[in-house]
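What follows is the content of work.txt, which has compact mmCIF, C-alpha atoms:
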```txt
# COMPACT_ATOMS: atom_id res chain seq x y z
CA MET V 1 65.16 102.62 54.14
CA ALA V 2 68.88 101.83 54.19
CA LEU V 3 71.14 104.12 56.17
CA PRO V 4 74.38 105.49 54.74
CA PRO V 5 77.41 103.69 56.20
CA GLU V 6 78.55 106.76 58.12
CA ALA V 7 75.19 107.13 59.94
CA LEU V 8 74.69 105.95 63.49
CA PRO V 9 72.55 102.79 63.49
CA LEU V 10 69.51 104.25 65.30
CA THR V 11 69.27 107.37 63.16
CA GLY V 12 65.57 108.06 62.56
CA ILE V 13 64.37 106.30 65.72
CA VAL V 14 62.41 108.45 68.19
CA VAL V 15 62.47 107.73 71.94
CA ALA V 16 60.02 109.13 74.49
CA ASP V 17 61.95 109.22 77.76
CA PHE V 18 59.69 109.31 80.82
CA SER V 19 62.43 108.05 83.13
CA ARG V 20 64.51 109.74 85.78
CA VAL V 21 67.55 109.21 88.03
CA LEU V 22 69.94 106.57 86.57
CA ALA V 23 68.77 103.26 85.07
CA GLY V 24 66.25 104.70 82.61
CA PRO V 25 68.26 107.78 81.67
CA LEU V 26 71.38 105.68 81.05
CA ALA V 27 69.40 103.35 78.78
CA THR V 28 68.00 106.27 76.80
CA MET V 29 71.38 108.00 76.60
CA THR V 30 72.79 104.78 75.16
CA LEU V 31 70.07 104.90 72.50
CA ALA V 32 70.85 108.57 71.89
CA ASP V 33 74.56 107.80 71.50
CA LEU V 34 73.52 105.23 68.88
CA GLY V 35 71.70 107.92 66.91
CA ALA V 36 68.15 107.95 68.26
CA ARG V 37 66.28 111.19 68.89
CA VAL V 38 65.50 111.13 72.62
CA ILE V 39 62.85 113.48 73.99
CA LYS V 40 63.09 113.69 77.77
CA ILE V 41 59.81 114.60 79.50
CA GLU V 42 60.43 116.47 82.77
CA ARG V 43 58.43 118.08 85.56
CA PRO V 44 58.11 121.86 85.12
CA GLY V 45 60.49 123.84 87.27
CA GLU V 46 62.05 120.73 88.82
CA GLY V 47 63.04 118.25 86.15
CA ASP V 48 64.84 114.99 86.78
CA ASP V 49 65.67 114.51 90.47
CA THR V 50 69.36 114.27 89.67
CA ARG V 51 69.49 117.83 88.36
CA HIS V 52 69.69 118.75 92.05
CA TRP V 53 72.00 115.99 93.28
CA GLY V 54 75.32 117.36 94.39
CA PRO V 55 77.96 118.33 95.07
CA PRO V 56 79.84 117.91 92.88
CA PHE V 57 78.55 120.41 90.33
CA SER V 58 80.20 121.39 87.06
CA PRO V 59 79.92 124.94 85.68
CA THR V 60 76.75 123.79 83.87
CA GLY V 61 75.01 121.72 86.54
CA SER V 62 74.95 118.45 88.47
CA THR V 63 77.65 116.07 87.31
CA TYR V 64 75.32 113.19 88.23
CA PHE V 65 72.63 114.42 85.84
CA GLU V 66 75.15 115.24 83.14
CA SER V 67 76.64 111.74 83.24
CA VAL V 68 73.51 110.09 81.76
CA ASN V 69 71.63 112.74 79.79
CA ARG V 70 73.70 113.95 76.82
CA ASN V 71 72.31 113.98 73.30
CA LYS V 72 68.72 114.47 74.52
CA GLU V 73 66.00 117.08 74.16
CA SER V 74 64.12 118.31 77.25
CA ILE V 75 60.48 119.34 77.36
CA GLU V 76 58.65 120.35 80.53
CA LEU V 77 55.19 118.79 80.91
CA ASP V 78 52.87 118.75 83.91
CA LEU V 79 51.28 115.35 83.53
CA THR V 80 48.57 116.22 86.05
CA THR V 81 47.02 118.66 83.55
CA ASP V 82 44.92 117.60 80.58
CA ALA V 83 46.74 119.84 78.13
CA ASP V 84 50.25 118.70 78.96
CA ARG V 85 49.17 115.10 79.27
CA ALA V 86 47.79 115.33 75.72
CA VAL V 87 51.20 116.53 74.54
CA ALA V 88 52.87 113.62 76.32
CA ILE V 89 50.50 111.17 74.67
CA ALA V 90 51.20 112.80 71.31
CA ILE V 91 54.95 112.33 71.80
CA ALA V 92 54.45 108.68 72.76
CA SER V 93 52.10 108.14 69.83
CA ASN V 94 54.81 109.29 67.44
CA ALA V 95 57.71 107.48 69.08
CA ASP V 96 59.32 104.17 68.25
CA ILE V 97 60.39 103.53 71.84
CA LEU V 98 59.10 104.63 75.24
CA VAL V 99 61.08 104.19 78.45
CA GLU V 100 59.44 104.79 81.83
CA ASN V 101 60.14 104.17 85.49
CA PHE V 102 56.95 105.39 87.11
CA LYS V 103 55.81 103.36 90.07
CA PRO V 104 54.11 100.26 88.59
CA GLY V 105 50.65 101.31 87.45
CA GLY V 106 51.54 105.00 87.50
CA ALA V 107 51.86 105.38 83.75
CA GLY V 108 48.49 103.75 83.16
CA SER V 109 46.77 106.16 85.55
CA LEU V 110 47.99 108.99 83.31
CA GLY V 111 46.85 107.40 80.07
CA LEU V 112 50.47 106.54 79.27
CA GLY V 113 50.35 102.80 79.90
CA TYR V 114 51.19 100.23 77.26
CA ASP V 115 47.58 99.10 76.86
CA GLU V 116 46.45 102.62 76.01
CA LEU V 117 49.40 103.64 73.84
CA SER V 118 49.70 100.42 71.84
CA VAL V 119 46.21 101.08 70.44
CA LEU V 120 47.38 104.47 69.18
CA ASN V 121 50.81 103.24 68.13
CA PRO V 122 50.93 99.47 67.46
CA GLY V 123 54.64 99.65 66.64
CA LEU V 124 55.59 101.14 70.00
CA ILE V 125 58.32 99.38 71.99
CA TYR V 126 57.50 100.10 75.63
CA ALA V 127 60.14 99.52 78.30
CA SER V 128 59.22 99.63 81.99
CA ILE V 129 61.90 99.78 84.68
CA SER V 130 61.15 99.13 88.35
CA GLY V 131 62.90 98.13 91.54
CA PHE V 132 61.18 94.84 92.23
CA GLY V 133 58.79 94.15 89.36
CA SER V 134 55.12 94.90 88.78
CA GLY V 135 53.71 92.08 90.93
CA ARG V 136 53.99 91.69 94.67
CA GLY V 137 57.03 93.97 94.74
CA ALA V 138 55.31 96.83 92.94
CA GLU V 139 55.04 99.05 96.01
CA LEU V 140 58.64 98.59 97.16
CA PRO V 141 60.88 101.61 96.50
CA GLY V 142 63.65 100.67 94.09
CA TYR V 143 66.97 102.25 95.00
CA ASP V 144 70.27 100.78 93.90
CA PHE V 145 71.74 100.78 97.42
CA ILE V 146 68.76 98.87 98.82
CA VAL V 147 68.91 96.29 96.03
CA GLN V 148 72.66 95.82 96.56
CA ALA V 149 71.80 95.09 100.20
CA VAL V 150 68.77 92.80 99.90
CA GLY V 151 69.92 91.12 96.67
CA GLY V 152 73.14 89.74 98.17
CA LEU V 153 75.75 91.86 96.43
CA MET V 154 76.87 93.54 99.64
CA SER V 155 77.24 90.15 101.33
CA ILE V 156 80.06 89.26 98.91
CA THR V 157 81.70 92.70 98.80
CA GLY V 158 84.22 94.01 101.30
CA ASP V 159 86.89 92.74 103.67
CA PRO V 160 86.13 89.41 105.39
CA GLU V 161 86.54 91.05 108.79
CA GLY V 162 84.67 94.24 107.91
CA PRO V 163 81.05 95.22 107.33
CA PRO V 164 79.21 94.42 104.09
CA MET V 165 80.01 97.03 101.44
CA LYS V 166 78.28 98.49 98.45
CA VAL V 167 80.10 98.82 95.14
CA GLY V 168 81.55 102.30 94.58
CA VAL V 169 79.11 103.14 91.78
CA ALA V 170 75.37 102.38 91.40
CA VAL V 171 76.19 99.19 89.55
CA VAL V 172 72.69 97.66 89.80
CA ASP V 173 71.15 100.67 88.08
CA ILE V 174 73.83 100.41 85.39
CA LEU V 175 73.24 96.69 84.88
CA THR V 176 69.49 97.31 84.64
CA ALA V 177 70.05 100.05 82.08
CA LYS V 178 72.07 97.71 79.92
CA ASP V 179 69.46 94.94 80.24
CA ALA V 180 66.76 97.41 79.21
CA THR V 181 68.82 98.51 76.20
CA ILE V 182 69.40 94.92 75.12
CA GLY V 183 65.67 94.18 75.34
CA ILE V 184 64.78 97.33 73.41
CA LEU V 185 67.20 96.54 70.59
CA ALA V 186 65.88 92.97 70.39
CA ALA V 187 62.32 94.31 70.21
CA LEU V 188 63.35 96.67 67.41
CA GLN V 189 64.69 93.72 65.46
CA ALA V 190 61.48 91.78 66.04
CA ARG V 191 59.45 94.78 64.88
CA ASN V 192 61.38 94.78 61.63
CA GLU V 193 59.86 91.33 60.99
CA THR V 194 56.33 91.82 62.35
CA GLY V 195 55.70 95.58 62.28
CA LEU V 196 54.49 95.31 65.86
CA GLY V 197 55.95 96.62 69.06
CA ARG V 198 55.77 95.00 72.47
CA ARG V 199 56.24 95.73 76.14
CA LEU V 200 59.27 94.63 78.10
CA GLU V 201 59.91 94.89 81.82
CA VAL V 202 63.19 94.93 83.71
CA ASN V 203 63.73 95.36 87.43
CA LEU V 204 66.78 96.06 89.56
CA LEU V 205 66.61 92.88 91.63
CA SER V 206 66.42 90.59 88.59
CA SER V 207 69.22 92.45 86.82
CA LEU V 208 71.43 92.07 89.88
CA GLN V 209 70.66 88.38 90.18
CA GLY V 210 71.29 87.87 86.49
CA ALA V 211 74.73 89.41 86.97
CA LEU V 212 75.83 87.38 89.99
CA ALA V 213 77.40 84.93 87.50
CA ASN V 214 79.76 82.43 89.17
CA GLN V 215 78.86 83.63 92.66
CA GLY V 216 75.17 83.08 92.09
CA GLN V 217 75.69 79.72 90.43
CA SER V 218 77.92 78.51 93.27
CA HIS V 219 74.84 78.83 95.45
CA LEU V 220 72.38 77.32 92.97
CA GLY V 221 74.67 74.57 91.68
CA ALA V 222 76.79 73.68 94.72
CA GLY V 223 74.67 74.84 97.63
CA LEU V 224 77.30 77.28 98.84
CA THR V 225 76.72 80.68 100.41
CA PRO V 226 79.42 83.02 99.07
CA ARG V 227 80.88 85.47 101.57
CA GLN V 228 83.06 88.56 101.57
CA MET V 229 86.60 87.81 100.48
CA GLY V 230 88.04 91.27 100.06
CA ASN V 231 89.98 91.32 96.78
CA ALA V 232 90.46 87.56 96.58
CA HIS V 233 88.64 85.38 94.04
CA PRO V 234 86.59 82.43 95.34
CA SER V 235 87.69 80.07 92.56
CA ILE V 236 91.11 81.27 91.34
CA ALA V 237 94.47 81.79 93.07
CA PRO V 238 96.47 83.93 92.92
CA TYR V 239 93.86 86.46 91.85
CA GLU V 240 93.96 89.38 94.31
CA LEU V 241 95.91 92.33 95.65
CA LEU V 242 99.37 91.38 96.91
CA ASN V 243 101.66 93.67 98.88
CA CYS V 244 104.92 94.82 97.30
CA ARG V 245 107.67 96.93 98.84
CA ASP V 246 105.74 100.19 98.43
CA LYS V 247 102.11 99.38 97.64
CA PRO V 248 99.79 96.59 96.48
CA LEU V 249 99.77 94.96 93.06
CA ALA V 250 96.75 93.34 91.45
CA LEU V 251 97.80 89.91 90.18
CA ALA V 252 95.45 87.69 88.16
CA CYS V 253 96.68 84.22 87.21
CA GLY V 254 93.84 82.71 85.25
CA ASN V 255 95.66 79.53 84.24
CA ASP V 256 98.64 77.34 85.11
CA ARG V 257 100.84 78.85 82.41
CA GLN V 258 100.47 82.31 83.94
CA PHE V 259 101.17 80.93 87.40
CA VAL V 260 104.34 79.21 86.27
CA ALA V 261 105.48 82.41 84.54
CA THR V 262 104.81 84.34 87.75
CA LEU V 263 106.96 82.00 89.82
CA ARG V 264 109.81 82.28 87.34
CA VAL V 265 109.69 86.08 87.32
CA LEU V 266 109.67 86.11 91.11
CA GLY V 267 112.50 83.58 91.35
CA LEU V 268 110.27 81.08 93.15
CA GLU V 269 110.82 78.10 90.87
CA SER V 270 111.10 75.85 93.91
CA LEU V 271 107.33 76.13 94.32
CA LEU V 272 106.75 74.51 90.94
CA SER V 273 107.07 71.07 92.53
CA ASP V 274 105.08 71.92 95.68
CA GLU V 275 101.93 69.80 95.67
CA ARG V 276 100.00 72.59 97.38
CA PHE V 277 100.37 74.76 94.28
CA LEU V 278 100.42 72.33 91.33
CA THR V 279 96.80 72.98 90.29
CA ASN V 280 94.45 75.90 90.62
CA SER V 281 92.18 73.88 92.93
CA ALA V 282 95.14 73.16 95.19
CA ARG V 283 96.18 76.81 95.15
CA VAL V 284 92.67 77.90 96.16
CA GLU V 285 92.75 75.39 99.02
CA HIS V 286 96.14 76.66 100.17
CA ARG V 287 95.60 80.32 99.35
CA ALA V 288 97.02 81.65 102.63
CA GLU V 289 100.32 79.78 102.27
CA LEU V 290 100.59 80.85 98.62
CA VAL V 291 100.02 84.52 99.44
CA THR V 292 102.67 84.38 102.17
CA ALA V 293 105.20 82.94 99.75
CA LEU V 294 104.43 85.41 96.96
CA GLU V 295 104.39 88.49 99.17
CA GLY V 296 107.68 87.49 100.73
CA ARG V 297 109.29 87.88 97.34
CA LEU V 298 107.17 90.81 96.11
CA ALA V 299 108.28 92.80 99.16
CA THR V 300 111.79 93.07 97.74
CA ARG V 301 110.77 95.34 94.85
CA THR V 302 108.26 98.06 94.00
CA ALA V 303 104.85 97.39 92.52
CA SER V 304 105.90 99.25 89.37
CA TYR V 305 108.91 96.97 88.91
CA TRP V 306 106.85 93.81 89.29
CA GLN V 307 104.09 95.09 87.03
CA THR V 308 106.55 95.68 84.24
CA ALA V 309 108.30 92.34 84.71
CA LEU V 310 105.10 90.29 84.93
CA THR V 311 103.35 92.03 82.06
CA ALA V 312 106.38 91.36 79.86
CA VAL V 313 105.78 87.61 80.16
CA GLY V 314 102.02 87.78 79.67
CA VAL V 315 100.90 87.75 83.29
CA PRO V 316 98.01 90.16 84.03
CA ALA V 317 99.23 92.58 86.70
CA GLY V 318 98.51 96.19 87.53
CA GLN V 319 98.77 98.80 90.22
CA VAL V 320 95.67 100.23 91.84
CA GLY V 321 95.02 103.59 90.23
CA SER V 322 92.55 106.44 90.55
CA ILE V 323 89.97 107.39 87.93
CA ALA V 324 92.51 109.95 86.70
CA ASP V 325 95.12 107.18 86.38
CA GLY V 326 92.67 105.10 84.38
CA LEU V 327 92.06 108.01 82.03
CA GLU V 328 95.78 108.49 81.56
CA LEU V 329 96.17 104.81 80.73
CA ALA V 330 93.30 104.84 78.23
CA ARG V 331 94.78 107.86 76.50
CA ALA V 332 98.22 106.25 76.40
CA LEU V 333 96.61 103.23 74.71
CA ASP V 334 94.91 105.47 72.12
CA LEU V 335 91.44 104.46 73.35
CA ALA V 336 90.15 108.05 73.17
CA PRO V 337 88.09 107.70 76.37
CA THR V 338 86.43 111.13 76.35
CA ILE V 339 84.52 113.52 74.13
CA GLU V 340 83.88 117.25 74.30
CA VAL V 341 80.16 117.98 74.38
CA GLU V 342 78.66 121.15 72.95
CA GLY V 343 75.88 123.37 74.25
CA ALA V 344 73.07 124.91 72.21
CA SER V 345 75.35 127.67 70.95
CA GLY V 346 77.85 125.15 69.62
CA ASN V 347 80.45 126.14 72.18
CA PRO V 348 82.28 123.45 74.17
CA SER V 349 80.30 122.67 77.32
CA GLY V 350 82.42 120.05 79.04
CA THR V 351 84.21 116.71 78.88
CA GLN V 352 82.46 113.35 79.23
CA PHE V 353 83.32 109.70 78.88
CA ARG V 354 82.36 108.68 75.36
CA SER V 355 80.21 105.76 74.34
CA PRO V 356 82.43 102.68 74.65
CA ILE V 357 81.34 101.39 71.22
CA ARG V 358 83.57 102.08 68.22
CA TRP V 359 82.46 101.46 64.66
CA THR V 360 84.03 100.37 61.38
CA PRO V 361 83.33 102.09 59.04
CA ALA V 362 83.71 105.01 61.41
CA VAL V 363 80.73 107.16 62.33
CA THR V 364 80.67 110.66 63.74
CA PRO V 365 79.65 110.53 67.41
CA ARG V 366 76.92 112.78 68.73
CA THR V 367 78.24 115.38 71.16
CA ALA V 368 75.26 117.44 72.33
CA ALA V 369 75.53 118.55 75.95
CA PRO V 370 72.87 117.44 78.44
CA PRO V 371 69.88 119.75 77.92
CA ALA V 372 68.84 122.58 80.16
CA LEU V 373 65.44 121.99 81.73
CA GLY V 374 62.82 122.76 79.09
CA GLU V 375 65.43 123.73 76.52
CA HIS V 376 63.39 122.12 73.72
CA ASN V 377 59.87 123.06 74.84
CA ASP V 378 59.19 124.97 71.64
CA SER V 379 61.01 122.75 69.16
CA VAL V 380 59.29 119.56 70.32
CA ARG V 381 55.88 121.23 70.09
CA ARG V 382 56.71 122.51 66.61
CA TRP V 383 57.67 118.98 65.60
CA LEU V 384 54.34 117.63 66.83
CA ALA V 385 52.46 120.38 65.04
CA SER V 386 54.26 119.59 61.79
CA LEU V 387 53.04 116.02 61.72
CA PRO V 388 50.10 115.13 59.46
CA GLY V 389 46.95 115.86 61.44
CA GLY V 390 49.01 117.31 64.25
CA VAL V 391 49.25 114.00 66.11
CA THR V 392 49.61 110.88 64.02
CA PRO V 393 50.79 107.48 65.30
CA ARG V 394 54.06 106.73 63.59
CA ILE V 395 56.08 103.60 62.91
CA SER V 396 59.60 104.31 61.70
CA SER V 397 60.72 102.66 58.46
CA ASP V 398 64.38 103.49 59.09
```

Will you turn the file into structure tokens for me?
Amino acid sequence: MALPPEALPLTGIVVADFSRVLAGPLATMTLADLGARVIKIERPGEGDDTRHWGPPFSPTGSTYFESVNRNKESIELDLTTDADRAVAIAIASNADILVENFKPGGAGSLGLGYDELSVLNPGLIYASISGFGSGRGAELPGYDFIVQAVGGLMSITGDPEGPPMKVGVAVVDILTAKDATIGILAALQARNETGLGRRLEVNLLSSLQGALANQGQSHLGAGLTPRQMGNAHPSIAPYELLNCRDKPLALACGNDRQFVATLRVLGLESLLSDERFLTNSARVEHRAELVTALEGRLATRTASYWQTALTAVGVPAGQVGSIADGLELARALDLAPTIEVEGASGNPSGTQFRSPIRWTPAVTPRTAAPPALGEHNDSVRRWLASLPGGVTPRISSD
């Protein structure tokens, strides 16, 4: 059935969310932002672990939990009991998508594995998220910080003279969430052709390795072992933080034209004929000398002055800002970075970063606040009871 142009693209799709913490919930929130109905199954009285992670807390709960759980419904189910497990199976049997991050094998022990559910619901798209896969790494606990450590990301992050550093947000969980979402959407497209669902697996270590990009390929293709370089780039110069009179400036010269423009703005035209700086490869080789020359001139003015002057000639440059500064910039650029979410009563419940996707023709974004634990216990059960036969496997035609 065709959707009206103003409808979100996943309107009519039902997601059974058996995940917790970050990677799974972010994937399912992305699907919810795209219009899917997401039913979050939570432990009675406890819920998702992140409901209790804090500080910080907003007036309505943990900001960690709230960051990845808007636009969802919450039902409390004790999966160790036959009655609640039957309800969980009923939800999965009537869903288009299921997302879980039980320990590998855990879902199957509850009758919620792909082999069991695909018999009841052949169109089910079943996404499993783990730390290190379902094979020999199945028993390893999968936490973002550990994967950043053992997967090599920390070895290339931080000051050359300092300790290895993690990224300031759980970036591996976020990458894994996006990989899971991509796989789910691809499986939905395949189901449109075949009518059949399938299982897909993603794990934190593989998602990290898939995102190492040029750093990973420098090892595979050139036999190098990348190391910490602070804010410098291993293959481009200048592409780092440079000190000005008052504070640092991020400068990113991705090509020779931008480098030449930089030298002209800085009044360093004499370097245009210096063989050490004629090509990017030469600049990388002589990075230390180049930085000394650039900072000698940058020190005569403020970072704000140089940012304005360089940006005017098409050179990417910017001062290091806080999250609040980034928000101010996005608003100044009319990017509308936030939305106001609404609680069950329809009253404003808080401000969140919106989905980064914008649509033409425009659609109305969903703005439901993250659910209270068990907020939809009754409504989800009523939905199940309203289905033909009470519990009927369903394949969406939307």

**Request:** Go through V:Arg382, V:Arg358, V:His376, V:Lys178 and flag the residue nearest Glu76 (chain V), using only C-alpha atoms for the distances.
**Result:** V:His376

**Asked** Between V:Gly230, V:Phe65, V:Ser207, V:Val167, which one has atoms that come closest to Phe132 (chain V), using only C-alpha atoms?
**Response** V:Ser207

**Message:** Report as a ChimeraX atom specification all protein, DNA and RNA residues lying within 12 Å of Leu98 (chain V), evaluated on all atoms listed in the file, omitting residues in the same chain fewer than 3 positions from it.
**Reply:** /V:13-19,24-25,27-28,31,36-41,88-89,91-95,101,107,112-114,117-118,121,123-129,180-181,184,187-188,197-201

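Within the 12 Å cut-off around Ala336 (chain V), using all atoms listed in the file and omitting residues fewer than 6 positions from it on the same chain, the listed residues are Gly326, Leu327, Glu328, Leu329, Ala330, Thr351, Gln352, Phe353, Arg354, Ser355, Pro356, Ile357 and Arg358 of chain V.
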
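Shell of Leu249 (chain V) at 8 Å, with only C-alpha atoms counted and residues fewer than 5 places along the chain excluded, is V:Leu241, V:Leu242, V:Asn243, V:Cys244, V:Ala303, V:Gln307, V:Ala317, V:Gly318, V:Gln319, V:Val320.
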
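Across the model, the gap from CA of Gly343 (chain V) to CA of Pro370 (chain V) is 7.9 Å.
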
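Reported to one decimal place, the separation of CA of Gln217 (chain V) from CA of Ser134 (chain V) is 25.6 Å.
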
**Prompt:** Any idea what's packed within 8 Å of Lys166 (chain V), counting all atoms listed in the file, ignoring anything in its chain fewer than 5 positions away? Could you give it as an NGL selection string?
**Reply:** :V and (145 or 148-149 or 153-154 or 157-158)

Next, write the just-selected residues to a file, as a PDB file, keeping the file's coordinate frame, keeping C-alpha atoms as the atom set.
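Dumped everything to out14.pdb:
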```pdb
ATOM      1  CA  PHE V 145      71.740 100.780  97.420  1.00  0.00           C
ATOM      2  CA  GLN V 148      72.660  95.820  96.560  1.00  0.00           C
ATOM      3  CA  ALA V 149      71.800  95.090 100.200  1.00  0.00           C
ATOM      4  CA  LEU V 153      75.750  91.860  96.430  1.00  0.00           C
ATOM      5  CA  MET V 154      76.870  93.540  99.640  1.00  0.00           C
ATOM      6  CA  THR V 157      81.700  92.700  98.800  1.00  0.00           C
ATOM      7  CA  GLY V 158      84.220  94.010 101.300  1.00  0.00           C
TER       8      GLY V 158
END
```

**Message:** Excluding region 277-280 of chain V and its own-chain neighbours fewer than 5 positions away, which residues fall within 10 Å of it when counting all atoms listed in the file? Please give them as an NGL selection string.
**Reply:** :V and (235-238 or 253-256 or 259-260 or 271-272 or 285-287 or 289-290)

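Across the model, the gap from CA of Ala23 (chain V) to CA of Tyr64 (chain V) is 12.3 Å.
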
**Prompt:** Counting all atoms listed in the file, which residues come within 10 Å of (78.1, 102.6, 84.9), with the point read in the file's coordinates, and could you list them as a ChimeraX atom specification?
**Reply:** /V:22-23,26,67-68,169-175,177-178

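Considering the residues V:Glu295, V:Glu193, V:Asp144, V:Glu139 and counting all atoms listed in the file, Asp246 (chain V) has its shortest atom-to-atom contact with V:Glu295.
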
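When all atoms listed in the file are used to compute distances to Glu73 (chain V), the closest of the residues V:Arg227, V:Arg381, V:His233, V:His52 turns out to be V:Arg381.
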